[in-house]
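Participant: A single structure is presented below for examination.
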Amino acid sequence: MDSKLSDPFSSDSEELPAAGIMSRLLPKGMSGSMMKEWLDRRRKSIRPWAGFVDQRKFSKPKNFGELCQRVVRNLGVYQSNYTFIFLGLILYCIISSPMLLIALAVFVGAFYIIHLKSLESKLVVFGRELTPGHQLGLAGAVSLPVFWLAGAGAAVFWVLGATLAVIGTHAAFRELESSDVEELLMESV
């Protein structure tokens with residue numbers, strides 16, 4: 001019994017009511033356990049942060065070709081680190097803006113109320129039953145004015161711009177590891 005309750009991402013929707021909700025919210029073919037596995041893989045493949053920010057490993061690329069090689073290689077090597085930087089910037093943006101927190105609370109509240117109503121009886125609009133995707137869309141439509149007032153569009157572009165600046169700068173100026181340089185020299189042209 002404890003093993004069932006300790007895994008919130010279990011795919012047994014009959015045993016855990018929250019798992020049933022999660023499975024209906026996610027796109028088809030994606031489950032909570034898949035998301036948990038993806039996050040675990042990312043966490044395990046993180047390169048050490050001390051080496052990631054080691055200032056001695058940064059230099060100006062000699063030419064445009066070297067810059068492109070660095071970007072491509074570093075994006076592959078530090079992909080998990082970059083993913084967590086992106087998630088951190090999203091979290092920072094949400095936490096630093098009380099209006100975005102309120103907008104998210106309105107969205108979650110609207111979806112929860114709509115979901116509870118659909119559990120009581122099937123919601124039918126214009127002769128069609130609302131699927132979980134439609135319910136999310138309805139909750140989004142209800143909370144759209146609050147997101148607009150909170151400046152969610154500007155927050156999205158800020159996160160994308162900050163992510164591109166931080167990751168692009170790191171990937172361009174971080175020197176390649178010695179094993180990567182040897183591999184590039186051995187590649188056939």
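Residue numbering restarts at 1 for every chain of the structure tokens, chains are lettered A, B, ... in their displayed order, and ligands are numbered from 1 as they appear.
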Which residues are near segment 95-98 of chain A? Cut-off 10 Å, only C-alpha atoms, ignore same chain within fewer than 4 positions. Put them as a list of chain:residue names.

Facilitator: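 In the requested form, the answer reads A:Leu89, A:Ile90, A:Leu91, A:Ile102, A:Ala103, A:Leu104, A:Ala150, A:Gly151, A:Ala152, A:Ala155.
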
Participant: Would you compute the distance between atom CA of Ala165 of chain A and atom CA of Arg42 of chain A? Give it in Å to one decimal.

Facilitator: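 So the answer is 21.5 Å.
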
Participant: Suppose you want the space between atom CA of Ser80 of chain A and atom CA of Ala154 of chain A; what is it in Å?

Facilitator: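 According to the coordinates, atom CA of Ser80 of chain A and atom CA of Ala154 of chain A are separated by 25.7 Å.
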
Participant: Taking the backbone alone, and naming residues the way the document does, which bits of segment 27-181 of chain A are alpha helix (DSSP H) by DSSP, as a VMD selection string?

Facilitator: chain A and resid 32 to 44 49 to 52 64 to 77 79 to 96 98 to 120 132 to 150 152 to 173 178 to 181
